[in-house]
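> Sharing coords-v9.cif, mmCIF, C-alpha atoms and all ligand atoms:
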data_target
loop_
_atom_site.label_atom_id
_atom_site.label_comp_id
_atom_site.auth_asym_id
_atom_site.auth_seq_id
_atom_site.Cartn_x
_atom_site.Cartn_y
_atom_site.Cartn_z
CA MET A 1 73.30 -35.50 -10.28
CA ILE A 2 74.32 -33.02 -12.93
CA SER A 3 74.24 -29.30 -12.15
CA PHE A 4 73.75 -26.83 -14.96
CA ASN A 5 76.55 -24.87 -13.36
CA GLN A 6 79.99 -26.32 -13.72
CA VAL A 7 83.44 -25.22 -12.74
CA ILE A 8 86.11 -26.95 -14.79
CA ILE A 9 89.71 -26.94 -13.64
CA ASP A 10 92.40 -27.39 -16.26
CA THR A 11 95.04 -29.50 -14.52
CA SER A 12 97.53 -28.97 -17.36
CA ALA A 13 97.32 -25.21 -16.69
CA LEU A 14 98.02 -25.85 -12.98
CA ALA A 15 101.02 -28.01 -13.88
CA HIS A 16 102.26 -25.42 -16.36
CA ASN A 17 101.96 -22.58 -13.82
CA TYR A 18 103.82 -24.61 -11.21
CA ARG A 19 106.69 -25.32 -13.61
CA TYR A 20 106.76 -21.75 -14.93
CA LEU A 21 106.90 -20.22 -11.44
CA SER A 22 109.26 -22.71 -9.86
CA GLY A 23 111.59 -22.01 -12.81
CA LYS A 24 111.67 -18.37 -11.73
CA VAL A 25 113.21 -19.09 -8.33
CA GLY A 26 116.76 -20.27 -7.76
CA GLU A 27 117.73 -23.95 -7.43
CA GLY A 28 118.15 -23.79 -3.67
CA VAL A 29 114.85 -22.02 -3.02
CA LYS A 30 111.96 -24.16 -1.78
CA PHE A 31 108.57 -23.60 -3.38
CA MET A 32 105.34 -23.79 -1.40
CA ALA A 33 101.94 -24.11 -3.05
CA MET A 34 99.31 -22.17 -1.10
CA VAL A 35 96.21 -24.35 -1.31
CA LYS A 36 94.07 -22.67 1.34
CA SER A 37 90.36 -22.06 0.71
CA ASP A 38 90.16 -25.21 -1.37
CA ALA A 39 93.04 -24.01 -3.53
CA TYR A 40 91.41 -20.63 -4.20
CA GLY A 41 88.33 -22.52 -5.39
CA HIS A 42 90.25 -25.01 -7.56
CA SER A 43 89.91 -28.09 -5.22
CA MET A 44 92.64 -28.47 -2.65
CA ILE A 45 93.25 -32.21 -2.82
CA GLU A 46 93.28 -32.49 -6.59
CA SER A 47 95.30 -29.31 -7.11
CA ALA A 48 97.87 -30.27 -4.47
CA ARG A 49 98.21 -33.65 -6.18
CA VAL A 50 99.00 -31.95 -9.51
CA PHE A 51 101.62 -29.72 -7.86
CA GLU A 52 103.10 -32.68 -5.96
CA GLN A 53 103.33 -34.73 -9.18
CA ASN A 54 105.29 -31.85 -10.66
CA GLY A 55 107.78 -31.76 -7.83
CA CYS A 56 106.18 -29.62 -5.12
CA THR A 57 107.06 -30.74 -1.60
CA SER A 58 105.53 -27.96 0.45
CA PHE A 59 101.94 -26.82 0.95
CA GLY A 60 100.21 -24.03 2.84
CA VAL A 61 96.70 -24.05 4.30
CA ALA A 62 94.82 -21.62 6.52
CA GLU A 63 93.03 -23.98 8.91
CA LEU A 64 94.10 -27.10 10.73
CA SER A 65 91.12 -29.00 9.30
CA GLU A 66 92.40 -28.30 5.79
CA GLY A 67 95.80 -29.67 6.78
CA VAL A 68 94.23 -32.84 8.18
CA GLU A 69 92.18 -33.34 5.02
CA LEU A 70 95.22 -32.77 2.82
CA ARG A 71 97.39 -35.20 4.81
CA GLU A 72 94.64 -37.85 4.77
CA SER A 73 94.40 -37.50 0.98
CA GLY A 74 97.92 -38.91 0.77
CA CYS A 75 99.93 -35.72 0.45
CA ASN A 76 103.50 -36.42 1.51
CA GLY A 77 104.92 -32.91 1.59
CA ASP A 78 105.37 -30.43 4.41
CA ILE A 79 102.03 -28.88 5.34
CA LEU A 80 102.06 -25.52 7.10
CA VAL A 81 98.98 -24.30 8.97
CA PHE A 82 98.95 -20.50 8.82
CA VAL A 83 95.96 -19.28 10.80
CA GLY A 84 96.13 -21.14 14.10
CA PHE A 85 94.02 -23.87 15.66
CA ASP A 86 91.60 -24.51 18.47
CA TYR A 87 93.45 -26.04 21.43
CA ARG A 88 91.03 -28.95 21.51
CA ASP A 89 92.42 -29.96 18.11
CA SER A 90 96.13 -29.42 18.65
CA GLU A 91 96.92 -33.15 18.83
CA TYR A 92 96.21 -33.31 15.10
CA LEU A 93 99.39 -31.35 14.52
CA LEU A 94 101.32 -34.30 15.91
CA SER A 95 99.20 -37.14 14.59
CA HIS A 96 99.12 -35.71 11.05
CA ASN A 97 102.62 -34.25 10.96
CA LEU A 98 101.42 -30.69 10.35
CA THR A 99 103.58 -27.66 11.01
CA PRO A 100 102.00 -24.68 12.76
CA VAL A 101 102.94 -21.12 11.97
CA ILE A 102 103.01 -19.53 15.44
CA PHE A 103 102.15 -15.85 15.81
CA ASN A 104 101.35 -15.36 19.53
CA HIS A 105 102.80 -16.31 22.91
CA GLU A 106 99.69 -18.17 24.02
CA ASP A 107 99.82 -20.66 21.15
CA LEU A 108 103.56 -21.07 21.61
CA ALA A 109 103.14 -22.04 25.26
CA HIS A 110 100.27 -24.35 24.46
CA ILE A 111 102.06 -26.11 21.63
CA SER A 112 105.16 -26.56 23.73
CA ASP A 113 103.09 -28.24 26.47
CA THR A 114 101.28 -30.45 23.99
CA ALA A 115 104.51 -31.65 22.38
CA ALA A 116 105.96 -32.32 25.84
CA ARG A 117 102.89 -34.31 26.85
CA PHE A 118 103.34 -36.57 23.83
CA GLU A 119 107.11 -36.61 24.29
CA LYS A 120 107.58 -35.45 20.73
CA LYS A 121 109.48 -32.69 19.04
CA LEU A 122 107.30 -30.40 16.98
CA PRO A 123 108.69 -28.28 14.14
CA ILE A 124 107.23 -24.80 14.01
CA TYR A 125 107.64 -21.58 12.09
CA LEU A 126 107.44 -18.17 13.74
CA LYS A 127 105.47 -15.45 12.03
CA PHE A 128 106.66 -11.85 12.09
CA ASP A 129 104.76 -8.72 11.19
CA CYS A 130 107.02 -6.58 9.03
CA GLY A 131 104.41 -4.05 7.98
CA MET A 132 101.24 -5.97 7.13
CA SER A 133 99.70 -5.26 10.56
CA ARG A 134 98.14 -8.67 10.46
CA LEU A 135 99.38 -11.82 12.23
CA GLY A 136 102.78 -12.01 13.79
CA PHE A 137 105.29 -10.92 16.39
CA TYR A 138 107.35 -7.79 15.93
CA SER A 139 111.03 -8.14 15.13
CA ALA A 140 111.82 -6.49 18.47
CA ASP A 141 110.16 -9.49 20.20
CA ALA A 142 112.68 -11.86 18.63
CA PRO A 143 115.28 -12.21 21.44
CA GLU A 144 112.69 -12.96 24.12
CA LEU A 145 110.73 -15.15 21.78
CA PHE A 146 113.67 -17.32 20.77
CA LYS A 147 114.54 -17.77 24.41
CA LYS A 148 111.08 -19.20 25.00
CA CYS A 149 111.61 -21.56 22.08
CA GLU A 150 114.61 -23.18 23.69
CA SER A 151 112.40 -26.08 24.70
CA GLN A 152 113.45 -29.59 23.84
CA HIS A 153 110.01 -30.15 22.39
CA ILE A 154 109.99 -27.34 19.88
CA ASP A 155 112.13 -27.00 16.82
CA VAL A 156 112.00 -23.60 15.15
CA THR A 157 112.50 -24.47 11.50
CA GLY A 158 112.15 -20.98 10.15
CA ILE A 159 110.65 -17.54 10.22
CA ILE A 160 107.89 -16.18 8.04
CA SER A 161 106.55 -12.79 7.13
CA HIS A 162 104.17 -11.45 4.52
CA PHE A 163 104.35 -8.59 2.00
CA PRO A 164 101.41 -6.16 1.97
CA CYS A 165 102.36 -4.34 -1.25
CA SER A 166 104.32 -6.75 -3.45
CA ASP A 167 101.69 -6.55 -6.21
CA ASP A 168 102.94 -2.99 -6.76
CA LYS A 169 106.25 -3.10 -8.63
CA SER A 170 106.86 0.62 -8.04
CA SER A 171 106.41 0.53 -4.26
CA ASN A 172 109.59 0.44 -2.19
CA HIS A 173 107.76 -1.09 0.76
CA SER A 174 108.77 -4.66 -0.15
CA GLU A 175 112.50 -3.90 -0.01
CA GLN A 176 112.01 -2.18 3.35
CA ALA A 177 109.95 -5.07 4.74
CA TYR A 178 112.57 -7.51 3.51
CA GLN A 179 115.36 -5.52 5.22
CA LEU A 180 113.47 -5.60 8.50
CA PHE A 181 112.72 -9.29 8.10
CA SER A 182 116.31 -10.30 7.32
CA SER A 183 117.54 -8.33 10.34
CA ILE A 184 115.76 -10.85 12.61
CA THR A 185 118.32 -13.58 12.00
CA GLN A 186 121.11 -11.10 12.69
CA THR A 187 119.84 -10.68 16.26
CA GLN A 188 122.19 -12.11 18.86
CA GLY A 189 121.37 -15.61 19.98
CA ILE A 190 119.31 -16.43 16.92
CA GLN A 191 120.52 -18.97 14.42
CA ALA A 192 121.49 -17.29 11.18
CA THR A 193 120.66 -20.54 9.37
CA LEU A 194 116.92 -20.47 10.06
CA GLU A 195 114.80 -20.84 6.97
CA GLN A 196 113.38 -17.49 5.85
CA SER A 197 110.23 -16.92 3.82
CA ILE A 198 108.43 -13.70 2.90
CA CYS A 199 107.39 -13.97 -0.78
CA ASN A 200 103.84 -14.36 -2.05
CA SER A 201 103.15 -14.26 -5.81
CA GLY A 202 103.98 -10.56 -6.02
CA GLY A 203 107.33 -11.15 -4.33
CA ILE A 204 108.10 -14.11 -6.58
CA LEU A 205 107.30 -12.20 -9.78
CA TYR A 206 108.38 -8.65 -8.98
CA PHE A 207 110.96 -8.76 -6.17
CA PRO A 208 113.31 -11.65 -7.00
CA GLU A 209 115.99 -10.37 -4.63
CA THR A 210 113.64 -11.21 -1.73
CA HIS A 211 113.05 -14.91 -2.57
CA ALA A 212 115.12 -16.02 0.47
CA ASP A 213 114.82 -19.78 1.29
CA LEU A 214 111.17 -20.51 0.60
CA VAL A 215 108.56 -18.79 -1.55
CA ARG A 216 104.78 -19.19 -1.20
CA ALA A 217 102.76 -18.95 -4.39
CA GLY A 218 98.99 -18.64 -4.40
CA ILE A 219 97.14 -16.70 -7.08
CA SER A 220 99.86 -17.15 -9.70
CA LEU A 221 99.61 -20.95 -9.51
CA TYR A 222 95.99 -20.58 -10.53
CA GLY A 223 96.96 -18.46 -13.53
CA TYR A 224 96.48 -14.87 -12.37
CA TYR A 225 98.80 -11.96 -11.66
CA PRO A 226 98.56 -10.34 -8.23
CA ASP A 227 98.20 -6.93 -9.91
CA GLY A 228 95.44 -8.18 -12.20
CA ALA A 229 95.12 -7.47 -15.91
CA GLU A 230 98.01 -5.01 -15.72
CA GLY A 231 100.35 -7.81 -14.67
CA ARG A 232 99.21 -10.01 -17.52
CA THR A 233 99.71 -7.23 -20.07
CA ALA A 234 103.17 -6.43 -18.71
CA ASP A 235 104.36 -10.05 -18.87
CA SER A 236 105.85 -10.43 -22.33
CA GLU A 237 106.00 -14.21 -21.88
CA ASN A 238 102.34 -14.22 -20.79
CA GLY A 239 103.43 -17.18 -18.75
CA LEU A 240 100.48 -17.80 -16.45
CA LEU A 241 97.49 -19.76 -17.72
CA PRO A 242 94.12 -19.30 -15.98
CA ALA A 243 92.99 -22.75 -14.83
CA MET A 244 89.33 -22.18 -13.99
CA LYS A 245 86.40 -22.12 -16.36
CA CYS A 246 82.79 -21.62 -15.24
CA SER A 247 79.81 -22.43 -17.40
CA THR A 248 76.06 -22.72 -17.22
CA ARG A 249 73.26 -23.29 -19.74
CA VAL A 250 70.33 -21.34 -21.15
CA ILE A 251 67.13 -22.65 -19.52
CA GLN A 252 64.62 -20.34 -21.21
CA VAL A 253 64.59 -17.84 -24.05
CA LYS A 254 61.96 -15.10 -24.11
CA LYS A 255 60.99 -11.89 -25.82
CA ILE A 256 59.93 -8.84 -23.82
CA GLU A 257 58.28 -5.71 -25.21
CA ALA A 258 59.84 -2.25 -24.95
CA GLY A 259 59.00 -0.67 -21.58
CA ARG A 260 59.08 -3.92 -19.59
CA GLY A 261 61.15 -4.13 -16.44
CA VAL A 262 63.47 -7.04 -15.69
CA SER A 263 64.02 -8.86 -12.37
CA TYR A 264 63.56 -7.58 -8.80
CA GLY A 265 63.10 -3.83 -8.52
CA HIS A 266 62.96 -3.42 -12.30
CA THR A 267 66.43 -1.84 -12.27
CA PHE A 268 66.56 -2.54 -16.01
CA VAL A 269 63.74 -1.40 -18.29
CA ALA A 270 63.88 -2.49 -21.94
CA GLU A 271 64.16 0.42 -24.36
CA ARG A 272 63.39 -1.79 -27.33
CA GLU A 273 61.88 -5.17 -27.90
CA THR A 274 64.43 -7.40 -26.19
CA GLN A 275 65.35 -11.04 -26.36
CA LEU A 276 66.40 -12.47 -22.97
CA ALA A 277 68.04 -15.72 -21.98
CA ILE A 278 67.37 -16.96 -18.45
CA LEU A 279 70.38 -18.59 -16.75
CA PRO A 280 70.20 -20.86 -13.69
CA ILE A 281 73.06 -19.21 -11.83
CA GLY A 282 72.91 -16.50 -9.19
CA TYR A 283 74.54 -15.14 -6.08
CA SER A 284 74.13 -18.35 -4.12
CA ASP A 285 76.30 -19.96 -6.79
CA GLY A 286 78.98 -17.37 -6.20
CA TYR A 287 77.97 -15.08 -9.06
CA PHE A 288 78.04 -11.75 -7.20
CA ARG A 289 74.78 -9.79 -7.00
CA SER A 290 76.87 -6.67 -7.52
CA LEU A 291 77.33 -7.84 -11.15
CA SER A 292 73.67 -6.85 -11.72
CA ASN A 293 73.46 -4.67 -14.86
CA LEU A 294 77.29 -4.77 -15.07
CA GLY A 295 78.50 -8.25 -15.92
CA GLU A 296 78.69 -10.01 -19.27
CA VAL A 297 78.67 -13.67 -20.29
CA LEU A 298 79.57 -15.46 -23.53
CA ILE A 299 76.92 -17.21 -25.61
CA ARG A 300 77.71 -18.50 -29.11
CA GLY A 301 81.08 -16.74 -28.79
CA ARG A 302 79.45 -13.32 -28.27
CA ARG A 303 79.03 -11.08 -25.23
CA ALA A 304 75.60 -10.96 -23.61
CA PRO A 305 75.12 -8.31 -20.86
CA ILE A 306 73.33 -9.02 -17.58
CA ARG A 307 69.98 -7.25 -17.38
CA GLY A 308 68.43 -6.36 -14.05
CA ARG A 309 69.33 -7.79 -10.68
CA ILE A 310 71.02 -11.12 -10.23
CA CYS A 311 68.73 -13.38 -8.17
CA MET A 312 69.70 -16.14 -5.74
CA ASN A 313 69.67 -18.89 -8.38
CA MET A 314 69.07 -17.08 -11.65
CA CYS A 315 69.93 -14.14 -13.81
CA MET A 316 68.86 -12.71 -17.16
CA VAL A 317 71.09 -11.74 -20.08
CA ASP A 318 70.35 -9.77 -23.24
CA ILE A 319 70.67 -11.85 -26.42
CA THR A 320 68.82 -9.48 -28.77
CA ASP A 321 71.95 -9.11 -30.91
CA ILE A 322 72.96 -12.77 -30.86
CA ALA A 323 71.13 -14.87 -33.40
CA GLY A 324 69.88 -18.38 -32.79
CA VAL A 325 70.27 -18.73 -29.02
CA ALA A 326 68.34 -21.78 -27.81
CA VAL A 327 67.56 -23.59 -24.57
CA GLY A 328 70.53 -25.79 -23.69
CA ASP A 329 73.17 -23.52 -25.20
CA GLU A 330 76.42 -23.39 -23.25
CA VAL A 331 77.02 -20.08 -21.46
CA ILE A 332 80.51 -19.10 -20.30
CA LEU A 333 80.75 -16.89 -17.23
CA LEU A 334 84.49 -17.38 -16.85
CA GLY A 335 86.69 -18.70 -19.63
CA THR A 336 86.96 -18.79 -23.41
CA GLN A 337 84.27 -19.38 -25.99
CA GLY A 338 84.90 -18.91 -29.69
CA GLU A 339 87.29 -15.98 -30.09
CA ASP A 340 86.40 -14.20 -26.88
CA ARG A 341 87.41 -14.65 -23.28
CA ILE A 342 86.18 -13.42 -19.91
CA ASP A 343 88.73 -13.87 -17.17
CA ALA A 344 88.57 -13.39 -13.42
CA ASP A 345 90.23 -9.96 -13.74
CA ASP A 346 87.39 -8.82 -16.04
CA ILE A 347 84.75 -9.92 -13.54
CA ALA A 348 86.77 -8.39 -10.70
CA ASN A 349 87.00 -5.06 -12.54
CA TRP A 350 83.25 -4.90 -13.09
CA VAL A 351 82.57 -5.03 -9.38
CA ASP A 352 85.74 -3.58 -7.90
CA THR A 353 87.26 -6.66 -6.38
CA ILE A 354 90.22 -8.92 -7.18
CA SER A 355 90.55 -12.17 -9.12
CA TYR A 356 91.18 -14.01 -5.83
CA GLU A 357 87.63 -13.37 -4.63
CA VAL A 358 86.05 -14.23 -7.99
CA LEU A 359 87.87 -17.58 -8.09
CA CYS A 360 87.00 -18.48 -4.47
CA SER A 361 83.40 -17.48 -4.99
CA LEU A 362 82.71 -19.36 -8.24
CA GLY A 363 84.97 -22.28 -7.37
CA ASN A 364 83.70 -22.91 -3.88
CA ASN A 365 80.01 -22.60 -4.72
CA ASN A 366 79.73 -24.87 -7.75
CA LYS A 367 80.34 -28.45 -8.67
CA ARG A 368 83.91 -28.85 -9.91
CA TYR A 369 85.44 -31.15 -12.46
CA MET A 370 89.14 -31.63 -13.05
CA LYS A 371 90.08 -31.92 -16.72
C1 LIG B 401 97.62 -16.59 0.72
C2 LIG B 401 98.99 -16.44 1.17
C3 LIG B 401 100.05 -16.42 0.27
C4 LIG B 401 99.87 -16.44 -1.23
O1 LIG B 401 99.54 -15.14 -1.69
P1 LIG B 401 99.29 -14.88 -3.24
O2 LIG B 401 99.20 -13.40 -3.36
O3 LIG B 401 98.00 -15.54 -3.58
O4 LIG B 401 100.42 -15.49 -3.97
C5 LIG B 401 101.34 -16.42 0.79
N1 LIG B 401 101.55 -16.38 2.12
C6 LIG B 401 100.55 -16.35 3.01
C7 LIG B 401 100.84 -16.30 4.47
C8 LIG B 401 99.23 -16.37 2.57
O5 LIG B 401 98.24 -16.32 3.46
#
Do you think you could lay out the structure here as structure tokens?
Ligand SMILES: *Cc1c(COP(=O)(O)O)cnc(C)c1O

Amino acid sequence: MISFNQVIIDTSALAHNYRYLSGKVGEGVKFMAMVKSDAYGHSMIESARVFEQNGCTSFGVAELSEGVELRESGCNGDILVFVGFDYRDSEYLLSHNLTPVIFNHEDLAHISDTAARFEKKLPIYLKFDCGMSRLGFYSADAPELFKKCESQHIDVTGIISHFPCSDDKSSNHSEQAYQLFSSITQTQGIQATLEQSICNSGGILYFPETHADLVRAGISLYGYYPDGAEGRTADSENGLLPAMKCSTRVIQVKKIEAGRGVSYGHTFVAERETQLAILPIGYSDGYFRSLSNLGEVLIRGRRAPIRGRICMNMCMVDITDIAGVAVGDEVILLGTQGEDRIDADDIANWVDTISYEVLCSLGNNNKRYMK
């Protein structure tokens, strides 16, 4: 069946972004593609395949189920599971050759027992909290922790941390976090050769001295800068290409008289005779309700503003100043049409969020096509 609403992923943009970014890190630095949340809405399996074809050998997911799906799709690279697992599923780590990122003592003990039961050696990474106040051990836990890892069934491959402020070039927090992080391998009894990884896209782009052994790119692979439109403007090479486009179609055109209200609650009242186009896309399709009376779409290469509230499956846009709009016309919510472009940073700015959420929301709620 064909939905009016389509998300189109430009695989050549994904390939370009991978090559552009991997060219920014040194030869000896491994490059991980973060493909969690269905590759930020871009389709995990297909996106990972594009990255793998371009040389990527390392992938990051949030949930174990994503790792299983990715492995079963034929992905040959390392797959790291970042957000834990239910103990009833831990055998999948072994059967599917997935690497857990361990952030608490309970999981560490459990995984050690599981590996012992299967008489296997399981590679793991340890996660440290160097200022994010999210998952991870503290660096002070390291000596005790590494003692616990001296099991013959566990192989600590490396240590991982995460930058909270690397999208801000002017913040000195990233250097401080990196200092703290690198001090872990200087602790007595801990191998100095452990693989170290702390960089997300912000770290890769703005703090090259912190690349360490492995970098983990997410948003930048999909064509966006972690600091939004500012990052794009500041990049003289304008190297990242947005990969997602989202379109729908006009399903009705109608004229309303001055004084008429539009949509639930009549939050928009026409001041003049107004031409509206009705679009079959709404908040259940990932087009945020908070875009009501704020967002814009492209029709015939021109901007049409949203009028009134966005409904579950529909919204209305003002086409009074755009001549000739007809049922069936292509409408661009995200992407380029004619000379104009709406990108995920524009949508994010209208409703005070970030491109990440826009991409996940549109990508994961609509039918996708890889081009
Ligand atoms: C999502 C994620 C990343 C990627 O972050 P971006 O800002 O999208 O580049 C890196 N590391 C971890 C642990 C993540 O969860």
> I need the residue nearest ligand LIG 401 (chain B) from this list: A:Asp285, A:Asp352, A:Glu357, A:Asp78. Use only C-alpha atoms and all ligand atoms for the distance.
A:Glu357
> Counting only C-alpha atoms, which residues of segment 98-146 of chain A sit at most 10 Å from some atom of segment 197-207 of chain A, and what is each one's closest atom pair with its distance in Å to one decimal, listed by chain and rising residue number, as CSV?

residue,atom,partner,partner_atom,distance
A:Tyr125,CA,A:Ser197,CA,9.8
A:Lys127,CA,A:Ser197,CA,9.6
A:Phe128,CA,A:Ile198,CA,9.5
A:Cys130,CA,A:Ile198,CA,9.5
> Please give me, as a VMD selection string, the residues lying within 9 Å of ligand LIG 401 (chain B) when counting only C-alpha atoms and all ligand atoms.
chain A and resid 32 to 36 40 60 to 62 82 to 83 127 160 to 163 166 to 167 197 to 204 215 to 222 224 to 226 356
> For Ala304 of chain A, please output as a list in words all residues within 9 Å (counting only C-alpha atoms; exclusion window: fewer than 6 positions along the same chain).
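Near Ala304 of chain A, the qualifying residues are Gly295, Glu296, Val297, Leu298, Val317, Asp318, Ile319, Thr320, Asp321 and Ile322 of chain A.
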> Just the selected residues (C-alpha atoms), exported as a PDB file, keeping the file's coordinate frame, please.

ATOM      1  CA  GLY A 295      78.500  -8.250 -15.920  1.00  0.00           C
ATOM      2  CA  GLU A 296      78.690 -10.010 -19.270  1.00  0.00           C
ATOM      3  CA  VAL A 297      78.670 -13.670 -20.290  1.00  0.00           C
ATOM      4  CA  LEU A 298      79.570 -15.460 -23.530  1.00  0.00           C
ATOM      5  CA  VAL A 317      71.090 -11.740 -20.080  1.00  0.00           C
ATOM      6  CA  ASP A 318      70.350  -9.770 -23.240  1.00  0.00           C
ATOM      7  CA  ILE A 319      70.670 -11.850 -26.420  1.00  0.00           C
ATOM      8  CA  THR A 320      68.820  -9.480 -28.770  1.00  0.00           C
ATOM      9  CA  ASP A 321      71.950  -9.110 -30.910  1.00  0.00           C
ATOM     10  CA  ILE A 322      72.960 -12.770 -30.860  1.00  0.00           C
TER      11      ILE A 322
END
> Calculate how many Å separate atom CA of Met132 of chain A from atom CA of Pro208 of chain A, rounding to one decimal.
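Between these atoms lies a distance of 19.4 Å.
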> Name all residues at most 10 Å from Phe51 of chain A (count all atoms listed in the file; drop same-chain ones fewer than 2 positions away) and give them as a PyMOL selection string.
chain A and resi 11+14-19+32-33+46-49+53-59+221
> What would the file look like if the residues just selected were written as a PDB file, keeping the file's coordinate frame with C-alpha atoms?

ATOM      1  CA  THR A  11      95.040 -29.500 -14.520  1.00  0.00           C
ATOM      2  CA  LEU A  14      98.020 -25.850 -12.980  1.00  0.00           C
ATOM      3  CA  ALA A  15     101.020 -28.010 -13.880  1.00  0.00           C
ATOM      4  CA  HIS A  16     102.260 -25.420 -16.360  1.00  0.00           C
ATOM      5  CA  ASN A  17     101.960 -22.580 -13.820  1.00  0.00           C
ATOM      6  CA  TYR A  18     103.820 -24.610 -11.210  1.00  0.00           C
ATOM      7  CA  ARG A  19     106.690 -25.320 -13.610  1.00  0.00           C
ATOM      8  CA  MET A  32     105.340 -23.790  -1.400  1.00  0.00           C
ATOM      9  CA  ALA A  33     101.940 -24.110  -3.050  1.00  0.00           C
ATOM     10  CA  GLU A  46      93.280 -32.490  -6.590  1.00  0.00           C
ATOM     11  CA  SER A  47      95.300 -29.310  -7.110  1.00  0.00           C
ATOM     12  CA  ALA A  48      97.870 -30.270  -4.470  1.00  0.00           C
ATOM     13  CA  ARG A  49      98.210 -33.650  -6.180  1.00  0.00           C
ATOM     14  CA  GLN A  53     103.330 -34.730  -9.180  1.00  0.00           C
ATOM     15  CA  ASN A  54     105.290 -31.850 -10.660  1.00  0.00           C
ATOM     16  CA  GLY A  55     107.780 -31.760  -7.830  1.00  0.00           C
ATOM     17  CA  CYS A  56     106.180 -29.620  -5.120  1.00  0.00           C
ATOM     18  CA  THR A  57     107.060 -30.740  -1.600  1.00  0.00           C
ATOM     19  CA  SER A  58     105.530 -27.960   0.450  1.00  0.00           C
ATOM     20  CA  PHE A  59     101.940 -26.820   0.950  1.00  0.00           C
ATOM     21  CA  LEU A 221      99.610 -20.950  -9.510  1.00  0.00           C
TER      22      LEU A 221
END
> Quick one: everything within 7 Å of Leu98 of chain A, counting only C-alpha atoms, minus sequence neighbours fewer than 2 positions away in the same chain. Send it as a PyMOL selection string.
chain A and resi 67+79-81+93-94+96+100
> Figure out the distance between atom CA of Gly131 of chain A and atom CA of Cys165 of chain A, please, to one decimal in Å.
9.5 Å
> Which residues are close to Gly335 of chain A, i.e. within 9 Å by only C-alpha atoms, leaving aside same-chain residues fewer than 6 positions away? Reply as a ChimeraX atom specification.
/A:242-247,298,341-344
> Ranking A:Leu276, A:Leu334, A:Ile8, A:Val25 by minimum distance to Ile306 of chain A and counting only C-alpha atoms, which one comes first?
A:Leu276
> Between atom CA of Val101 of chain A and atom CA of Asn364 of chain A, what is the distance in Å, rounded to a tenth?
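Calculated distance between atom CA of Val101 of chain A and atom CA of Asn364 of chain A is 25.0 Å.
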> Taking only C-alpha atoms into account, which of A:Gly26, A:Pro143, A:Gly77, A:Gly308 comes nearest Ala270 of chain A?
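Among A:Gly26, A:Pro143, A:Gly77, A:Gly308, it is A:Gly308 that comes nearest to Ala270 of chain A.
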> Using only C-alpha atoms, can you tell me which of A:Thr274, A:Ala348, A:Gly239, A:Ser171 comes closest to Lys24 of chain A?
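Checking each candidate against Lys24 of chain A, we get A:Gly239 as the closest.
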> Find the residue from A:Lys30, A:His110, A:Arg232, A:Arg249 that sits nearest to Cys149 of chain A; use all atoms listed in the file when measuring.
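Among the listed residues, A:His110 lies closest to Cys149 of chain A.
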> From the options A:Leu21, A:Leu194, A:Ile159, A:Cys315, which residue's atoms come nearest to Leu241 of chain A, counting all atoms listed in the file?
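Result for the nearest residue to Leu241 of chain A: A:Leu21.
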> What lies within 7 Å of Phe146 of chain A using all atoms listed in the file, ignoring chain neighbours under 4 positions off, as a ChimeraX atom specification?
/A:142,150,190
> Just need the box for segment 336-343 of chain A, edges along x, y and z, holding every atom the file lists for it with 8 Å tacked onto each side, so centre and edge lengths in Å to one decimal, as AutoDock Vina command-line options.

--center_x 86.5 --center_y -16.4 --center_z -23.6 --size_x 20.5 --size_y 22.0 --size_z 28.9
